[in-house]
Amino acid sequence: MQLPKLTPLQSRLLASVIATCLLIIIWISFQPHHFVYAAELSPLPVSPEEYSQLGQPIPETRDTRILELEEEEEVEEGNGGYVPEFAYFDRSLIGRQDEEVVDLTNNEKREGEMNPGDTRNFVLKSQSQSKRTDAGIDLSTPLGKRRHDNDSKDYTSGVLDDLEALGPEGSIGELRRNNLGDGEQGPTVTKRQNGNQVYISVNTCRQPAPNVTLITEDPPQLTLYISTSSNNKKPGPDATNDLATEPVPLQGGYANFSVQADSDVYVGVSAPQLTRGWDGSWSFEVAASTDGFYHSSNDESTFLFLVDTDSYSALFITPNLTMEDSSPEEKRSWMEREIPFTMYAFAQNDWGMEGLERSMCGLRGQFNSIPSIKVEGKMIDRWADRRPKGQFYIQGLNASTTYNGFLAMNATEDGMELLGNRVGSGGMVWKQFNWTTKANVDSNCQVVFDLPFCSDTAYAVPANPEKINNVTELALLYDRNASAYYQNFLNSLDQVACNTTGTAQYSLARNCDDCRRDYKEWLCSVLMPRCEDFSAADRWLIERNIGQPFPNGTFAYNNNTKEFKENFGDRLAYNTSRNPLIKEEIQPGPYKELLPCEDLCFDIVRSCPAQLKFGCPSGRGRDMSYGRRDEENPKNITCNFPGAVMELNTARAEARAVMPVMGRVVLVVGSMMALLLV
């Protein structure tokens with residue numbers, strides 16, 4: 001085909017267009033971004049933030065620790081294969097993926113939330129398994145001396161010294177697998193030559209609640225899975241290969257397990273699917289430690305005693321917290337610090353703690369939702385041995401009501417030592433117990449304690465809120481009355497030559513110091529009778545003041561029945577009180593008295609000079625004035641003495657009485673003749 005012939009003008013135009021296009025192509029080809037060049041840039045600051053190539057900070061993801069996966073963890077054998085990570089994109093944009101493995105730090109808890117069917121995974125890496133240089137704060141040895149002689153059985157006798165209450169072999173109940181309620185020890189992992197003992201524990205802090213009125217099954221519990229194999233880095237219900245032990249179901253919101261490991265330890269906490277009648281989710285704490293269990297639970301003992309109750313309050317104490325041979329510095333260190341214990345109380349009818357009774361965080365959360373019950377704790381050194389104990393005064397209770405209680409120990413970040421045994425940073429919960437308040441809604445028995453003069457008195461005494469509606473005022477009224485009697489006694493004792501030579505003293509076995517001490521303790525016991533409900537049926541109780549009306553105006557036996565006239569009539573012992581102050585000023589109405597022990601009277605006769613002419617009644621007079629200890633069953637309190645406490649019941653609503661021996665078997669007496677013969 002023959003091309004058209006161009007005119008000279010057209011030829012020049014075409015040449016200009018072609019030249020222009022070539023120049024444009026050459027200019028584009030020489031743009032700078034098509035060349036590689038180098039320049040020295042200022043270094044980026046060192047910080048936990050990530051930076052883009054342009055030096056702009058990238059916002060942190062929800063948990064940067066979760067995104068720090070090692071390259072070898074990208075392919076997980078037997079656990080779903082490769083899981084991609086896109087740190088800069090929200091998970092909702094790339095679809096759901098498995099939960100990551102969260103790092104555990106030695107002696108630090110991790111908190112978590114779970115829905116039914118979920119599993120959360122954790123790992124304690126081998127480089128994190130270093131022991132602390134100090135196993136914990138030793139409460140019994142403030143100068144740094146540590147007690148680790150757990151096999152020692154040099155324990156003193158007596159309830160308040162019964163260290164077997166701490167648990168098997170003095171271990172505070174920390175078995176290798178302590179979730180077993182019957183005390184059976186769980187499976188033991190074979191120890192290797194190298195590595196650390198790793199202690200893993202879990203607490204349930206919140207659990208699903210029933211959504212129906214009546215439900216018979218126990219609350220659903222979480223399950224603990226443990227692996228030390230790199231073949232199972234996410235142990236759980238769908239990955240049970242190479243587990244260090246069988247799955248450990250939590251009991252009472254608690255489980256633990258220890259394993260010897262020289263590699264990473266992988267932990268899984270799994271929630272079950274809910275059955276009909278349950279609704280909600282779980283919150284929990286998990287921790288790993290090489291020093292001992294972070295969380296602890298003791299199923300062997302309540303580590304607490306009931307002193308006494310009235311209709312609206314109760315008084316408790318712990319056992320002695322130091323050894324009999326502890327130094328004065330050790331005892332002083334206990335008394336100078338805040339009480340490390342706490343107590344939780346719940347009305348049995350409102351009880352909603354099944355499934356959390358062994359969990360520190362579970363008990364704390366439930367108790368904080370009950371504002372009506374108030375707990376006051378302090379350190380005391382009451383009674384003859386003057387050794388430190390913890391005391392709890394519970395207020396806001398209801399008459400004739402059964403309560404469930406728990407003692408717990410709040411440890412420090414580094415843990416604590418209690419009687420030579422370590423309590424981890426997560427604290428300890430002791431065995432559940434129960435008690436019942438007195439039935440009298442008129443409150444004619446009220447608990448008094450911490451009196452200035454009668455410092456060893458701690459129990460319920462006759463009261464009348466209509467006359468004296470302040471417990472502190474009531475206690476001081478009794479205390480001032482006893483102090484006045486004691487001053488009269490001292491005036492009489494001053495007539496005796498106490499500070500004379502040994503051969504001139506009235507006794508080679510006792511002296512005036514013994515007399516003063518025994519008289520004071522006896523005096524407080526008889527002037528402040530131990531008060532019990534008028535409806536109480538124990539045969540060793542004596543009815544008092546039945547001629548007066550109750551605070552509500554009614555009379556015992558309607559005051560005119562045949563039984564009343566035949567059995568009591570005008571008999572003084574029943575129609576009045578031991579102390580005239582009670583009948584004349586307090587006017588509590590009828591009550592029953594737990595009589596002082598007769599050996600209190602015997603002791604004062606032995607301890608004081610014969611010139612004072614103290615003597616104890618005999619026959620029927622003694623039976624109406626003093627009680628006798630139960631020699632066949634010393635745990636029954638059949639008479640009152642300083643230091644009498646009750647062993648808490650862990651199975652029934654009523655408590656059994658026990659009689660602590662604290663230094664001296666007989667804890668004192670003292671006397672004024674008129675009161676001795678009452």
# chains A, B, ... in the order shown; residues from 1 in each chain; ligands from 1

$ residues_around --residues "Glu285 in chain A" --least-positions-apart "2" --cutoff "9 Å" --atoms "only C-alpha atoms" --output "list of chain:residue names"
A:Lys109, A:Arg110, A:Glu111, A:Gly112, A:Ser201, A:Val202, A:Asn203, A:Thr204, A:Cys205, A:Ser283, A:Ala287, A:Cys361

$ write_last_selection --atoms "C-alpha atoms" --output "compact mmCIF listing (two decimals), in the first residue's frame"
# COMPACT_ATOMS: atom_id res chain seq x y z
CA LYS A 109 -0.65 -14.06 89.16
CA ARG A 110 -2.39 -13.71 85.83
CA GLU A 111 -6.11 -12.91 85.73
CA GLY A 112 -8.46 -14.14 83.05
CA SER A 201 -2.22 -23.00 91.38
CA VAL A 202 -5.58 -21.69 90.19
CA ASN A 203 -8.38 -19.78 91.98
CA THR A 204 -11.86 -19.18 90.59
CA CYS A 205 -12.96 -15.64 91.43
CA SER A 283 -13.06 -15.15 86.11
CA ALA A 287 0.09 -18.43 89.02
CA CYS A 361 -10.51 -14.11 95.51

$ closest_residue --among "A:Ser577, A:Gln611, A:Gln251, A:Glu585" --to "Leu477 in chain A" --atoms "only C-alpha atoms"
A:Glu585

$ residues_around --residues "range 406-408 of chain A" --least-positions-apart "6" --cutoff "10 Å" --atoms "only C-alpha atoms" --output "PyMOL selection string"
chain A and resi 296-298+301-304+318+340-346+357-360+363-364+392+427-434

$ residues_around --residues "range 505-509 of chain A" --least-positions-apart "4" --cutoff "12 Å" --atoms "only C-alpha atoms" --output "list of chain:residue names"
A:Val496, A:Ala497, A:Cys498, A:Asn499, A:Thr500, A:Thr501, A:Asp513, A:Asp514, A:Cys515, A:Val605, A:Arg606, A:Ser607, A:Cys608, A:Pro609, A:Ala610, A:Gln611, A:Leu612

$ closest_residue --among "A:Asp442, A:Asp291, A:Glu413, A:Asp103" --to "Pro551 in chain A" --atoms "only C-alpha atoms"
A:Asp442

$ select_by_dssp --residues "range 345-472 of chain A" --states "strand (DSSP E or B)" --output "PyMOL selection string"
chain A and resi 345-347+374-380+389-395+402-409+416-418+421-423+428-429+433-436+445-448+459-462

$ closest_residue --among "A:Gly355, A:Gly365, A:Pro220, A:Pro529" --to "Asn579 in chain A" --atoms "only C-alpha atoms"
A:Pro529

$ residues_around --residues "Asp533 in chain A" --least-positions-apart "5" --cutoff "12 Å" --atoms "only C-alpha atoms" --output "PyMOL selection string"
chain A and resi 309-311+399-400+437-446+460-463+538+541-544+550+588-594

$ write_last_selection --atoms "C-alpha atoms" --output "mmCIF file, in the first residue's frame"
data_model
loop_
_atom_site.group_PDB
_atom_site.id
_atom_site.type_symbol
_atom_site.label_atom_id
_atom_site.label_comp_id
_atom_site.auth_asym_id
_atom_site.auth_seq_id
_atom_site.Cartn_x
_atom_site.Cartn_y
_atom_site.Cartn_z
ATOM 1 C CA THR A 309 -21.515 -15.278 120.778
ATOM 2 C CA ASP A 310 -24.549 -13.215 121.672
ATOM 3 C CA SER A 311 -27.639 -12.603 119.553
ATOM 4 C CA ALA A 399 -30.384 -13.917 116.507
ATOM 5 C CA SER A 400 -30.686 -17.713 116.334
ATOM 6 C CA THR A 437 -25.837 -17.047 117.419
ATOM 7 C CA LYS A 438 -27.778 -17.018 120.680
ATOM 8 C CA ALA A 439 -31.538 -17.220 120.385
ATOM 9 C CA ASN A 440 -32.607 -14.428 122.735
ATOM 10 C CA VAL A 441 -33.850 -11.547 120.596
ATOM 11 C CA ASP A 442 -33.917 -9.346 123.733
ATOM 12 C CA SER A 443 -30.103 -9.522 123.852
ATOM 13 C CA ASN A 444 -29.855 -10.098 127.604
ATOM 14 C CA CYS A 445 -26.427 -11.693 126.957
ATOM 15 C CA GLN A 446 -23.757 -9.557 125.260
ATOM 16 C CA ALA A 460 -21.042 -12.955 126.975
ATOM 17 C CA VAL A 461 -22.243 -11.395 130.242
ATOM 18 C CA PRO A 462 -25.775 -10.527 131.472
ATOM 19 C CA ALA A 463 -27.069 -7.388 129.746
ATOM 20 C CA ASP A 538 -27.101 -28.105 129.068
ATOM 21 C CA LEU A 541 -26.099 -24.447 133.487
ATOM 22 C CA ILE A 542 -27.797 -22.717 136.437
ATOM 23 C CA GLU A 543 -30.885 -20.525 136.103
ATOM 24 C CA ARG A 544 -30.428 -17.069 137.527
ATOM 25 C CA PHE A 550 -37.325 -10.333 130.593
ATOM 26 C CA PRO A 588 -31.178 -8.458 132.486
ATOM 27 C CA GLY A 589 -34.130 -10.649 133.456
ATOM 28 C CA PRO A 590 -33.815 -14.459 133.569
ATOM 29 C CA TYR A 591 -30.664 -16.027 132.110
ATOM 30 C CA LYS A 592 -28.546 -19.143 132.618
ATOM 31 C CA GLU A 593 -25.008 -19.052 133.969
ATOM 32 C CA LEU A 594 -22.035 -21.217 133.111
#

$ closest_residue --among "A:Asn349, A:Ser333, A:Thr105, A:Asn404" --to "Gln127 in chain A" --atoms "only C-alpha atoms"
A:Thr105
